[in-house]
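Student: So here's structure.cif (mmCIF, C-alpha atoms).
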data_start
#
loop_
_atom_site.label_atom_id
_atom_site.label_comp_id
_atom_site.auth_asym_id
_atom_site.auth_seq_id
_atom_site.Cartn_x
_atom_site.Cartn_y
_atom_site.Cartn_z
CA MET Q 1 26.27 -20.17 5.30
CA THR Q 2 24.00 -20.20 8.35
CA LYS Q 3 25.36 -16.77 9.20
CA ALA Q 4 24.35 -15.40 5.80
CA PHE Q 5 20.83 -16.77 6.22
CA LEU Q 6 20.59 -15.33 9.73
CA ALA Q 7 21.72 -11.95 8.39
CA ILE Q 8 18.96 -11.99 5.76
CA LEU Q 9 16.40 -13.03 8.39
CA VAL Q 10 17.36 -10.36 10.93
CA THR Q 11 17.54 -7.65 8.25
CA ALA Q 12 14.06 -8.52 7.04
CA ILE Q 13 12.57 -8.60 10.55
CA LEU Q 14 14.24 -5.64 12.21
CA THR Q 15 16.16 -3.19 10.05
CA GLU Q 16 14.08 -3.36 6.90
CA ASN Q 17 10.76 -4.10 8.51
CA PHE Q 18 8.08 -4.34 5.82
CA LEU Q 19 5.52 -2.23 7.63
CA LEU Q 20 7.59 0.30 9.48
CA SER Q 21 10.41 1.06 7.08
CA LYS Q 22 9.28 -0.16 3.66
CA PHE Q 23 5.60 0.81 3.95
CA LEU Q 24 4.36 -2.40 2.37
CA GLY Q 25 0.98 -3.61 3.66
CA ILE Q 26 -0.06 -0.42 5.40
CA CYS Q 27 -3.80 -1.07 4.84
CA PRO Q 28 -4.00 -4.07 7.22
CA PHE Q 29 -1.50 -2.36 9.52
CA LEU Q 30 -3.92 0.52 10.08
CA GLY Q 31 -7.13 -1.39 9.46
CA VAL Q 32 -6.92 -4.68 11.30
CA SER Q 33 -4.62 -3.79 14.18
CA LYS Q 34 -7.36 -2.77 16.57
CA LYS Q 35 -7.27 -5.99 18.54
CA LEU Q 36 -4.42 -8.31 19.35
CA ASN Q 37 -6.14 -11.49 18.14
CA THR Q 38 -7.16 -10.06 14.76
CA ALA Q 39 -3.68 -8.60 14.29
CA THR Q 40 -2.14 -12.02 14.97
CA GLY Q 41 -4.62 -13.81 12.70
CA MET Q 42 -4.01 -11.42 9.82
CA SER Q 43 -0.22 -11.70 10.23
CA MET Q 44 -0.37 -15.50 10.26
CA ALA Q 45 -2.41 -15.45 7.05
CA VAL Q 46 0.11 -13.06 5.47
CA ILE Q 47 3.08 -15.25 6.47
CA PHE Q 48 1.31 -18.33 5.09
CA VAL Q 49 0.42 -16.73 1.74
CA MET Q 50 3.82 -15.02 1.38
CA LEU Q 51 5.69 -18.32 1.84
CA LEU Q 52 3.38 -20.11 -0.61
CA ALA Q 53 3.62 -17.29 -3.14
CA THR Q 54 7.42 -17.30 -3.01
CA ALA Q 55 7.57 -21.08 -3.31
CA VAL Q 56 5.29 -20.99 -6.38
CA THR Q 57 6.58 -17.89 -8.16
CA TYR Q 58 10.28 -18.71 -7.82
CA PRO Q 59 10.19 -21.74 -10.16
CA ILE Q 60 7.74 -19.99 -12.50
CA ASN Q 61 10.07 -17.02 -12.77
CA LYS Q 62 13.23 -19.06 -13.14
CA PHE Q 63 12.13 -21.88 -15.43
CA ILE Q 64 9.41 -20.23 -17.50
CA LEU Q 65 9.89 -16.46 -17.59
CA VAL Q 66 13.66 -16.02 -17.39
CA ALA Q 67 14.39 -19.20 -19.37
CA ASN Q 68 12.23 -17.95 -22.24
CA ASP Q 69 13.46 -14.36 -22.03
CA MET Q 70 10.06 -13.09 -20.90
CA ALA Q 71 11.09 -11.44 -17.62
CA TYR Q 72 9.14 -8.32 -18.58
CA LEU Q 73 5.93 -10.27 -17.88
CA GLN Q 74 6.85 -10.68 -14.20
CA THR Q 75 4.39 -8.12 -12.81
CA ILE Q 76 1.40 -9.57 -14.67
CA VAL Q 77 2.29 -13.20 -14.00
CA PHE Q 78 3.10 -12.67 -10.31
CA ILE Q 79 -0.10 -10.82 -9.44
CA PHE Q 80 -2.18 -13.33 -11.36
CA VAL Q 81 -0.48 -16.29 -9.68
CA ILE Q 82 -0.96 -14.69 -6.26
CA ALA Q 83 -4.63 -13.96 -6.92
CA ALA Q 84 -5.26 -17.51 -8.15
CA LEU Q 85 -3.24 -18.97 -5.28
CA VAL Q 86 -5.23 -17.12 -2.63
CA GLN Q 87 -8.48 -18.39 -4.15
CA LEU Q 88 -7.13 -21.94 -4.29
CA VAL Q 89 -5.84 -21.83 -0.72
CA GLU Q 90 -9.24 -20.61 0.44
CA ILE Q 91 -11.04 -23.47 -1.30
CA VAL Q 92 -8.57 -26.14 -0.14
CA LEU Q 93 -8.54 -24.95 3.47
CA LYS Q 94 -12.32 -24.78 3.59
CA LYS Q 95 -12.64 -28.37 2.39
CA TYR Q 96 -9.76 -30.15 4.12
CA ILE Q 97 -8.52 -28.12 7.10
CA PRO Q 98 -11.60 -26.34 8.49
CA ALA Q 99 -9.83 -25.48 11.76
CA LEU Q 100 -7.17 -23.48 9.95
CA TYR Q 101 -9.80 -21.99 7.66
CA SER Q 102 -11.81 -20.65 10.55
CA ALA Q 103 -8.67 -19.03 11.94
CA LEU Q 104 -7.25 -17.52 8.72
CA GLY Q 105 -10.06 -17.78 6.19
CA ILE Q 106 -11.66 -14.39 6.74
CA TYR Q 107 -8.37 -12.61 6.11
CA LEU Q 108 -7.49 -14.39 2.88
CA PRO Q 109 -9.50 -12.28 0.38
CA LEU Q 110 -7.91 -9.13 1.80
CA ILE Q 111 -4.46 -10.47 1.05
CA THR Q 112 -4.71 -10.64 -2.75
CA THR Q 113 -4.25 -6.92 -3.12
CA ASN Q 114 -1.88 -6.59 -0.21
CA CYS Q 115 1.32 -5.01 -1.46
CA ALA Q 116 3.37 -6.95 1.09
CA VAL Q 117 2.87 -10.25 -0.78
CA LEU Q 118 3.62 -8.93 -4.28
CA GLY Q 119 6.34 -6.74 -2.76
CA VAL Q 120 8.27 -9.61 -1.19
CA VAL Q 121 8.09 -11.66 -4.39
CA ILE Q 122 9.41 -8.77 -6.52
CA LEU Q 123 12.11 -7.88 -3.98
CA ASN Q 124 13.35 -11.50 -3.96
CA VAL Q 125 13.77 -11.33 -7.75
CA ASP Q 126 15.34 -7.83 -7.65
CA ASN Q 127 17.85 -8.92 -5.01
CA GLY Q 128 18.81 -11.97 -7.09
CA TYR Q 129 18.20 -14.41 -4.22
CA ASN Q 130 18.29 -18.16 -4.85
CA PHE Q 131 15.44 -20.38 -3.67
CA ALA Q 132 16.67 -20.88 -0.09
CA GLN Q 133 17.55 -17.20 0.33
CA SER Q 134 14.17 -16.19 -1.07
CA MET Q 135 12.35 -18.41 1.40
CA VAL Q 136 14.40 -17.08 4.34
CA ASN Q 137 13.85 -13.48 3.25
CA THR Q 138 10.12 -14.16 2.89
CA LEU Q 139 9.94 -15.75 6.31
CA GLY Q 140 11.78 -12.75 7.78
CA ALA Q 141 9.46 -10.30 6.04
CA GLY Q 142 6.44 -12.21 7.37
CA LEU Q 143 7.80 -12.40 10.92
CA GLY Q 144 8.63 -8.68 10.75
CA PHE Q 145 5.03 -8.06 9.70
CA LEU Q 146 3.84 -10.09 12.71
CA VAL Q 147 6.14 -8.27 15.15
CA ALA Q 148 5.07 -4.82 13.93
CA MET Q 149 1.37 -5.76 13.89
CA VAL Q 150 1.45 -7.19 17.42
CA MET Q 151 3.43 -4.24 18.80
CA PHE Q 152 1.09 -1.77 17.14
CA ALA Q 153 -2.02 -3.61 18.32
CA GLY Q 154 -0.72 -3.15 21.86
CA VAL Q 155 -0.21 0.55 21.26
CA ARG Q 156 -3.71 0.87 19.76
CA GLU Q 157 -5.32 -0.82 22.75
CA ARG Q 158 -3.68 1.69 25.06
CA LEU Q 159 -4.68 4.52 22.75
CA GLU Q 160 -8.35 3.70 23.16
CA SER Q 161 -8.36 4.82 26.77
CA CYS Q 162 -6.46 8.05 26.07
CA ASP Q 163 -7.95 11.50 26.00
CA VAL Q 164 -7.04 12.56 22.45
CA PRO Q 165 -7.49 16.20 21.32
CA LYS Q 166 -10.58 16.45 19.12
CA PHE Q 167 -8.85 17.28 15.85
CA MET Q 168 -6.47 14.34 16.21
CA GLN Q 169 -9.11 11.71 16.97
CA GLY Q 170 -9.33 8.63 14.78
CA LEU Q 171 -6.90 8.22 11.93
CA PRO Q 172 -4.48 11.12 12.68
CA ILE Q 173 -3.55 9.88 16.14
CA THR Q 174 -3.25 6.33 14.80
CA LEU Q 175 -0.70 7.55 12.24
CA VAL Q 176 1.25 9.51 14.85
CA ALA Q 177 1.33 6.38 17.02
CA ALA Q 178 2.61 4.45 13.99
CA SER Q 179 5.29 7.10 13.57
CA LEU Q 180 6.47 6.59 17.16
CA THR Q 181 6.41 2.79 16.75
CA SER Q 182 8.48 3.26 13.62
CA ILE Q 183 11.04 5.39 15.50
CA SER Q 184 11.61 2.49 17.88
CA PHE Q 185 12.61 0.34 14.90
CA LEU Q 186 15.13 2.96 13.77
CA GLY Q 187 17.12 1.90 16.80
CA PHE Q 188 17.99 -1.37 15.04
CA THR Q 189 19.86 0.44 12.24
CA GLY Q 190 23.32 -1.05 11.87
CA ILE Q 191 22.57 -4.08 14.05
CA VAL Q 192 23.11 -6.52 11.15
CA GLU Q 193 26.52 -5.09 10.25
CA GLY Q 194 27.36 -5.08 13.97
CA ILE Q 195 26.56 -8.75 14.54
CA PHE Q 196 27.16 -10.42 11.18
CA GLY Q 197 29.48 -7.98 9.41
CA MET V 1 -26.45 7.09 -11.66
CA ALA V 2 -23.43 9.36 -11.82
CA ASP V 3 -23.94 9.76 -15.58
CA LYS V 4 -26.47 12.46 -14.95
CA LYS V 5 -24.03 14.71 -13.17
CA PRO V 6 -22.16 17.21 -15.35
CA LEU V 7 -18.80 15.85 -16.50
CA TYR V 8 -16.65 18.47 -14.83
CA LYS V 9 -18.01 17.32 -11.46
CA GLU V 10 -16.55 13.85 -12.03
CA PHE V 11 -13.20 15.60 -12.38
CA THR V 12 -13.41 18.06 -9.50
CA LYS V 13 -14.70 15.55 -6.94
CA GLY V 14 -11.36 13.73 -7.06
CA LEU V 15 -9.43 16.89 -6.25
CA ILE V 16 -10.80 17.78 -2.83
CA ALA V 17 -14.19 16.40 -1.81
CA GLU V 18 -13.24 12.79 -2.58
CA ASN V 19 -9.47 13.12 -2.63
CA PRO V 20 -8.31 9.48 -2.79
CA VAL V 21 -5.47 9.92 -0.30
CA LEU V 22 -6.69 12.47 2.22
CA ARG V 23 -10.44 11.76 2.20
CA LEU V 24 -10.84 8.13 1.11
CA VAL V 25 -7.48 7.04 2.63
CA LEU V 26 -6.55 4.77 -0.28
CA GLY V 27 -3.08 4.12 -1.66
CA THR V 28 -1.35 4.80 1.63
CA CYS V 29 1.67 2.60 0.89
CA PRO V 30 3.04 4.59 -2.08
CA THR V 31 2.00 7.87 -0.43
CA LEU V 32 4.21 7.15 2.56
CA ALA V 33 7.02 5.49 0.66
CA VAL V 34 7.81 7.79 -2.27
CA SER V 35 7.02 11.16 -0.73
CA THR V 36 10.58 11.70 0.50
CA SER V 37 11.36 13.86 -2.55
CA VAL V 38 9.27 15.99 -4.88
CA GLU V 39 10.80 14.28 -7.92
CA GLY V 40 9.73 10.82 -6.73
CA ALA V 41 6.25 12.09 -5.82
CA ILE V 42 5.67 13.55 -9.28
CA GLY V 43 7.02 10.40 -10.94
CA MET V 44 4.74 8.15 -8.89
CA GLY V 45 1.75 10.48 -9.29
CA VAL V 46 2.07 10.65 -13.07
CA ALA V 47 2.77 6.92 -13.48
CA ALA V 48 -0.20 5.93 -11.30
CA SER V 49 -2.46 8.49 -13.04
CA ILE V 50 -1.64 7.11 -16.49
CA VAL V 51 -2.41 3.57 -15.32
CA LEU V 52 -5.59 4.78 -13.61
CA ILE V 53 -6.93 6.63 -16.66
CA CYS V 54 -6.07 3.85 -19.13
CA SER V 55 -7.43 1.03 -16.95
CA ASN V 56 -10.59 3.04 -16.18
CA ILE V 57 -11.20 3.48 -19.93
CA VAL V 58 -10.63 -0.18 -20.80
CA ILE V 59 -12.56 -1.56 -17.83
CA SER V 60 -15.47 0.76 -18.55
CA ALA V 61 -15.46 -0.24 -22.23
CA LEU V 62 -15.50 -3.93 -21.26
CA ARG V 63 -17.94 -3.56 -18.36
CA LYS V 64 -20.77 -5.33 -20.19
CA ILE V 65 -18.56 -8.18 -21.38
CA ILE V 66 -16.75 -9.11 -18.15
CA PRO V 67 -18.93 -11.51 -16.09
CA GLY V 68 -19.55 -10.22 -12.58
CA LYS V 69 -18.07 -13.25 -10.84
CA VAL V 70 -14.60 -12.96 -12.36
CA ARG V 71 -14.45 -9.19 -12.54
CA ILE V 72 -11.76 -8.73 -9.87
CA PRO V 73 -9.20 -11.05 -11.57
CA ALA V 74 -10.10 -9.48 -14.94
CA TYR V 75 -9.54 -5.98 -13.55
CA ILE V 76 -6.23 -7.06 -12.02
CA VAL V 77 -4.96 -8.39 -15.36
CA ILE V 78 -5.98 -5.19 -17.20
CA ILE V 79 -4.31 -3.02 -14.56
CA ALA V 80 -1.17 -5.20 -14.50
CA SER V 81 -0.83 -4.89 -18.29
CA PHE V 82 -0.87 -1.10 -18.12
CA VAL V 83 1.56 -1.12 -15.20
CA THR V 84 3.95 -3.24 -17.26
CA ILE V 85 3.71 -0.80 -20.17
CA VAL V 86 4.35 2.19 -17.89
CA GLN V 87 7.20 0.30 -16.21
CA MET V 88 8.91 -0.31 -19.57
CA LEU V 89 8.43 3.32 -20.68
CA VAL V 90 9.82 4.68 -17.41
CA LYS V 91 12.81 2.31 -17.55
CA ALA V 92 13.56 3.38 -21.12
CA TYR V 93 13.05 7.15 -20.93
CA VAL V 94 13.42 8.28 -17.29
CA PRO V 95 15.74 5.77 -15.60
CA SER V 96 16.34 8.14 -12.67
CA ILE V 97 12.64 7.95 -11.73
CA ASP V 98 12.78 4.17 -12.09
CA GLU V 99 15.64 4.14 -9.60
CA SER V 100 13.93 6.39 -7.06
CA LEU V 101 10.61 4.49 -7.24
CA GLY V 102 12.22 1.03 -7.20
CA VAL V 103 9.85 -1.72 -6.15
CA TYR V 104 6.96 0.74 -5.79
CA LEU V 105 6.67 1.10 -9.58
CA PRO V 106 5.46 -2.49 -10.21
CA LEU V 107 3.47 -2.23 -6.99
CA ILE V 108 1.12 0.26 -8.67
CA VAL V 109 -0.75 -2.96 -9.59
CA VAL V 110 -1.93 -3.34 -6.01
CA ASN V 111 -2.52 0.38 -5.42
CA CYS V 112 -6.03 0.32 -3.96
CA ILE V 113 -6.96 3.60 -5.67
CA ILE V 114 -6.84 1.95 -9.09
CA LEU V 115 -8.70 -1.25 -8.23
CA GLY V 116 -11.02 0.79 -6.02
CA ARG V 117 -11.99 3.14 -8.87
CA ALA V 118 -12.42 0.19 -11.24
CA GLU V 119 -14.80 -1.46 -8.80
CA ALA V 120 -16.60 1.67 -7.58
CA PHE V 121 -16.79 3.70 -10.79
CA ALA V 122 -15.44 2.34 -14.08
CA GLY V 123 -17.38 -0.91 -13.81
CA LYS V 124 -20.67 0.98 -13.69
CA ASN V 125 -20.20 4.14 -15.77
CA SER V 126 -19.64 5.22 -19.36
CA VAL V 127 -16.19 5.38 -20.94
CA ILE V 128 -15.95 9.18 -21.01
CA ALA V 129 -17.15 9.60 -17.42
CA SER V 130 -14.66 6.93 -16.30
CA ALA V 131 -11.78 8.63 -18.10
CA VAL V 132 -12.65 11.97 -16.49
CA ASP V 133 -13.03 10.26 -13.10
CA GLY V 134 -9.58 8.70 -13.57
CA MET V 135 -8.07 12.09 -14.40
CA GLY V 136 -9.62 13.74 -11.34
CA MET V 137 -8.51 10.94 -9.03
CA GLY V 138 -5.05 10.95 -10.62
CA VAL V 139 -4.62 14.68 -10.12
CA GLY V 140 -5.93 14.37 -6.55
CA PHE V 141 -3.46 11.55 -5.82
CA THR V 142 -0.56 13.50 -7.34
CA GLY V 143 -1.57 16.62 -5.42
CA ALA V 144 -1.67 14.83 -2.08
CA LEU V 145 1.68 13.15 -2.82
CA LEU V 146 3.16 16.55 -3.73
CA ALA V 147 1.89 18.15 -0.52
CA MET V 148 3.52 15.34 1.50
CA ALA V 149 6.73 15.51 -0.52
CA VAL V 150 7.11 19.30 -0.30
CA ILE V 151 6.77 19.21 3.50
CA ARG V 152 9.05 16.18 3.94
CA GLU V 153 11.74 17.32 1.51
CA PHE V 154 11.81 20.87 2.90
CA PHE V 155 12.12 19.82 6.54
CA GLY V 156 14.13 16.67 5.89
CA SER V 157 16.74 17.77 3.37
CA GLY V 158 16.21 21.53 3.30
CA SER V 159 15.37 21.58 -0.38
CA ILE V 160 12.35 21.54 -2.66
CA ALA V 161 12.56 19.56 -5.92
CA GLY V 162 16.34 19.54 -5.58
CA PHE V 163 16.79 23.30 -5.04
CA GLN V 164 18.67 23.80 -1.78
CA LEU V 165 16.74 26.33 0.30
CA ILE V 166 18.40 25.88 3.68
CA GLN V 167 22.04 26.76 3.04
CA GLU V 168 24.82 24.87 4.74
CA SER V 169 26.24 28.08 6.19
CA TRP V 170 23.01 28.70 8.10
CA PRO V 171 22.94 27.75 11.77
CA VAL V 172 19.99 25.36 11.21
CA ASP V 173 20.20 21.78 10.03
CA PRO V 174 17.43 19.92 8.23
CA MET V 175 15.55 17.44 10.41
CA ILE V 176 16.49 14.14 8.80
CA ILE V 177 13.70 12.33 10.64
CA PHE V 178 11.23 13.81 8.13
CA ILE V 179 12.66 11.80 5.24
CA LEU V 180 12.95 8.67 7.38
CA PRO V 181 9.92 6.35 7.70
CA PRO V 182 8.60 7.85 11.00
CA GLY V 183 8.40 11.28 9.34
CA GLY V 184 6.16 9.83 6.65
CA PHE V 185 3.62 8.54 9.17
CA PHE V 186 3.79 11.80 11.13
CA VAL V 187 3.29 14.18 8.18
CA PHE V 188 0.50 11.99 6.79
CA GLY V 189 -1.26 12.00 10.18
CA MET V 190 -1.02 15.80 10.35
CA LEU V 191 -2.33 16.25 6.79
CA ILE V 192 -5.31 14.00 7.54
CA ALA V 193 -5.97 16.01 10.72
CA VAL V 194 -5.97 19.25 8.67
CA ALA V 195 -8.21 17.69 6.01
CA ASN V 196 -10.60 16.48 8.72
CA ARG V 197 -10.71 19.92 10.28
CA LEU V 198 -11.53 21.55 6.93
CA ALA V 199 -14.16 18.90 6.18
CA GLU V 200 -15.71 19.39 9.59
CA LYS V 201 -16.16 23.11 8.96
CA LYS V 202 -18.17 22.23 5.88
CA GLY V 203 -20.15 19.65 7.80
CA LYS V 204 -18.67 16.67 5.95
CA PRO V 205 -17.76 13.41 7.73
CA LYS V 206 -14.19 12.72 8.84
CA ALA V 207 -11.79 10.64 6.80
CA GLU V 208 -11.97 7.04 7.94
CA LEU V 209 -9.90 4.14 6.92
CA HIS V 210 -11.66 2.84 3.82
CA GLY V 211 -15.19 3.14 5.13
CA CYS V 212 -15.70 -0.23 3.47
CA GLU V 213 -17.74 1.02 0.48
CA SER V 214 -14.64 2.40 -1.24
CA CYS V 215 -12.55 -0.69 -0.56
CA PRO V 216 -11.95 -2.80 -3.66
CA MET V 217 -12.11 -6.01 -1.66
CA ALA V 218 -15.48 -5.15 -0.11
CA ALA V 219 -17.25 -7.65 -2.39
CA SER V 220 -15.36 -10.61 -0.98
CA CYS V 221 -14.54 -9.27 2.47
CA SER V 222 -16.19 -11.14 5.30
CA LEU V 223 -15.15 -8.65 8.00
CA ILE V 224 -17.72 -6.04 6.97
CA GLY V 225 -20.10 -5.14 9.74
CA THR V 226 -18.09 -7.02 12.36
CA ASP V 227 -16.02 -5.44 15.10
CA ASP V 228 -12.87 -6.29 13.18
CA SER V 229 -13.65 -4.42 9.95
CA CYS V 230 -11.20 -1.79 8.71
CA ASP V 231 -13.19 1.04 10.24
CA VAL V 232 -10.99 3.20 12.40
CA LYS V 233 -13.82 5.40 13.61
CA GLU V 234 -14.87 3.05 16.39
CA ALA V 235 -11.33 2.85 17.71
CA THR V 236 -11.41 6.17 19.46
CA VAL V 237 -13.44 6.56 22.60
CA LYS V 238 -15.76 9.49 22.32
#
Using the file provided, produce a representation of the structure as structure tokens.

Tutor:
Amino acid sequence: MTKAFLAILVTAILTENFLLSKFLGICPFLGVSKKLNTATGMSMAVIFVMLLATAVTYPINKFILVANDMAYLQTIVFIFVIAALVQLVEIVLKKYIPALYSALGIYLPLITTNCAVLGVVILNVDNGYNFAQSMVNTLGAGLGFLVAMVMFAGVRERLESCDVPKFMQGLPITLVAASLTSISFLGFTGIVEGIFG
Amino acid sequence: MADKKPLYKEFTKGLIAENPVLRLVLGTCPTLAVSTSVEGAIGMGVAASIVLICSNIVISALRKIIPGKVRIPAYIVIIASFVTIVQMLVKAYVPSIDESLGVYLPLIVVNCIILGRAEAFAGKNSVIASAVDGMGMGVGFTGALLAMAVIREFFGSGSIAGFQLIQESWPVDPMIIFILPPGGFFVFGMLIAVANRLAEKKGKPKAELHGCESCPMAASCSLIGTDDSCDVKEATVK
């Protein structure tokens, strides 16, 4: 049982990394990865919202949508719940946990339309995970997001002091650097079958 | 504002000058994810264009009714409804496309091109102008996806739209890396570099990530104007 959970976790972090192999959440990956502390802050906010979103949408999907044969409404309901949830979290954090709000607050509005959050919720449903599996998969996806963001922020900081050819400056070189970071994650292919299979 | 421009300009601006993918750098996630084959690229391009045109029309028609404070949630619900309709149609009539797009089909909801156009254009302009704007942006998105997909499918699997061009008997093998995730980032980076070069010749600014004014979340984003905003330009040392 623990082994199965570990397999889901490792798959989500390494072999099916959200940013580098599934391309979910590329906007923050390219946009807010300039500095290590912003990259970490954004990732923490994503992990937080992803876990909350999974915890809230799982019962809604199971007991309201599927139970009433309305599964076709999933897309609408999920995005609306996520949007409302992000707003609510922002208000609650601001009022009751100002320390956490000052650390994550500025990233929250950007997360509503982040495909990583909606993506993980939909993937959990598509894969037919139960509640515990969904939460583990979500945690893995979030940690994978953090790992990729932190790694890439390191690469970006080095990139700033490089002499880049004129036509590659700015976005093109950032994307090529992302490509190389992504190649490093290809090395994990097969690791889950190797350890847990 | 834009109402005074001739209608055809609303269409043509989306093709090249304001191409959503290569110039405005929006909708990067689907661009990278589904451009491994020409079939998937066309499927995604058409599906997103239909949603874009329909939601632009409805949002523009309702622009005087929707209160400004709740416009983003209202837009999201309108877009999500059209995505659900498209999702059902695709599942019923072209199941092979549904399979190749997978999770990215429902994720059209959070495609920043659609919310971005709603916020930047449809919410301020007439219904007809918004529909034409949606068409132009849709064709521009599909075109950029196709360009990516043709390059990636040709080099990665040796075929274009399923037709095998590099024969097995030839002494060359396709470079599989092009259809793997790293190839997506690489080809996209190169296309942006080419687009920047062409824009530079015409004296236009380079493509930057978002350049906050086209970002749908700009209204509620508190990073604007700070060092941390999504502006890649500053990242490179001159």

Student: Step by step, work through what the PyMOL selection byres ((chain Q and resi 8) around 9) selects in the shown file, and finish by giving those residues as a list in words.

Tutor: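 Applying the PyMOL selection byres ((chain Q and resi 8) around 9) to the structure shown produces Lys3, Ala4, Phe5, Leu6, Ala7, Leu9, Val10, Thr11, Ala12, Ile13, Gln133, Val136, Asn137, Gly140 and Val192 of chain Q.
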
Student: Take the point (10.7, -8.7, 12.1) as written in the file and pick out every residue within 10 Å of it, counting all atoms listed in the file; give the list as a list of chain:residue names.

Tutor: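 Here the neighbourhood of the point contains Q:Leu9, Q:Val10, Q:Thr11, Q:Ala12, Q:Ile13, Q:Leu14, Q:Thr15, Q:Glu16, Q:Asn17, Q:Phe18, Q:Leu19, Q:Leu20, Q:Leu139, Q:Gly140, Q:Ala141, Q:Gly142, Q:Leu143, Q:Gly144, Q:Phe145, Q:Leu146, Q:Val147, Q:Ala148, Q:Met149, Q:Phe185.
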
Student: Taking the file as shown, what set of residues would the PyMOL selection byres ((chain Q and resi 111) around 9) give back, as a list in words?

Tutor: Pro28, Met42, Ala45, Val46, Val49, Ala83, Val86, Tyr107, Leu108, Pro109, Leu110, Thr112, Thr113, Asn114, Cys115, Ala116 and Val117 of chain Q

Student: For chain Q, list the residues within 7 Å of chain V, counting all atoms listed in the file, and write the list as a VMD selection string.

Tutor: chain Q and resid 20 to 26 31 to 32 34 75 to 76 80 106 109 to 110 113 to 115 119 123 160 to 161 167 to 173 175 to 176 178 to 180 182 to 183

Student: Mind writing the picked residues with C-alpha atoms as a PDB file, keeping the file's coordinate frame?

Tutor:
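Once written, result-v9.pdb looks like this:
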ATOM      1  CA  LEU Q  20       7.590   0.300   9.480  1.00  0.00           C
ATOM      2  CA  SER Q  21      10.410   1.060   7.080  1.00  0.00           C
ATOM      3  CA  LYS Q  22       9.280  -0.160   3.660  1.00  0.00           C
ATOM      4  CA  PHE Q  23       5.600   0.810   3.950  1.00  0.00           C
ATOM      5  CA  LEU Q  24       4.360  -2.400   2.370  1.00  0.00           C
ATOM      6  CA  GLY Q  25       0.980  -3.610   3.660  1.00  0.00           C
ATOM      7  CA  ILE Q  26      -0.060  -0.420   5.400  1.00  0.00           C
ATOM      8  CA  GLY Q  31      -7.130  -1.390   9.460  1.00  0.00           C
ATOM      9  CA  VAL Q  32      -6.920  -4.680  11.300  1.00  0.00           C
ATOM     10  CA  LYS Q  34      -7.360  -2.770  16.570  1.00  0.00           C
ATOM     11  CA  THR Q  75       4.390  -8.120 -12.810  1.00  0.00           C
ATOM     12  CA  ILE Q  76       1.400  -9.570 -14.670  1.00  0.00           C
ATOM     13  CA  PHE Q  80      -2.180 -13.330 -11.360  1.00  0.00           C
ATOM     14  CA  ILE Q 106     -11.660 -14.390   6.740  1.00  0.00           C
ATOM     15  CA  PRO Q 109      -9.500 -12.280   0.380  1.00  0.00           C
ATOM     16  CA  LEU Q 110      -7.910  -9.130   1.800  1.00  0.00           C
ATOM     17  CA  THR Q 113      -4.250  -6.920  -3.120  1.00  0.00           C
ATOM     18  CA  ASN Q 114      -1.880  -6.590  -0.210  1.00  0.00           C
ATOM     19  CA  CYS Q 115       1.320  -5.010  -1.460  1.00  0.00           C
ATOM     20  CA  GLY Q 119       6.340  -6.740  -2.760  1.00  0.00           C
ATOM     21  CA  LEU Q 123      12.110  -7.880  -3.980  1.00  0.00           C
ATOM     22  CA  GLU Q 160      -8.350   3.700  23.160  1.00  0.00           C
ATOM     23  CA  SER Q 161      -8.360   4.820  26.770  1.00  0.00           C
ATOM     24  CA  PHE Q 167      -8.850  17.280  15.850  1.00  0.00           C
ATOM     25  CA  MET Q 168      -6.470  14.340  16.210  1.00  0.00           C
ATOM     26  CA  GLN Q 169      -9.110  11.710  16.970  1.00  0.00           C
ATOM     27  CA  GLY Q 170      -9.330   8.630  14.780  1.00  0.00           C
ATOM     28  CA  LEU Q 171      -6.900   8.220  11.930  1.00  0.00           C
ATOM     29  CA  PRO Q 172      -4.480  11.120  12.680  1.00  0.00           C
ATOM     30  CA  ILE Q 173      -3.550   9.880  16.140  1.00  0.00           C
ATOM     31  CA  LEU Q 175      -0.700   7.550  12.240  1.00  0.00           C
ATOM     32  CA  VAL Q 176       1.250   9.510  14.850  1.00  0.00           C
ATOM     33  CA  ALA Q 178       2.610   4.450  13.990  1.00  0.00           C
ATOM     34  CA  SER Q 179       5.290   7.100  13.570  1.00  0.00           C
ATOM     35  CA  LEU Q 180       6.470   6.590  17.160  1.00  0.00           C
ATOM     36  CA  SER Q 182       8.480   3.260  13.620  1.00  0.00           C
ATOM     37  CA  ILE Q 183      11.040   5.390  15.500  1.00  0.00           C
TER      38      ILE Q 183
END

Student: Using only C-alpha atoms, which of V:Glu10, V:Lys201, V:Gln167, V:Phe178 sits nearest V:Phe121?

Tutor: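 Of the candidates, the smallest distance to V:Phe121 is held by V:Glu10.
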
Student: Run the PyMOL selection byres ((chain V and resi 131) around 12) on the file and write out the hits as a PyMOL selection string.

Tutor: chain V and resi 7-8+10-11+49-61+117-118+121-123+125-130+132-138

Student: What does the structure give for the distance between atom CA of Q:Val125 and atom CA of Q:Asn68, in Å to one decimal?

Tutor: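 The value is 16.0 Å.
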
Student: Grab the atom CA of Q:Leu93 to atom CA of Q:Tyr58 distance for me, in Å with one decimal place.

Tutor: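 Interatomic distance here is 22.8 Å.
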
Student: With all atoms listed in the file as the atoms that count, which of V:Ile97, V:Lys9, V:Val46, V:Lys124 lies nearest to V:Leu62?

Tutor: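 Among the listed residues, V:Lys124 lies closest to V:Leu62.
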
Student: Could you tell me how far atom CA of V:Ala17 lies from atom CA of V:Ala48, in Å and to one decimal?

Tutor: 19.9 Å
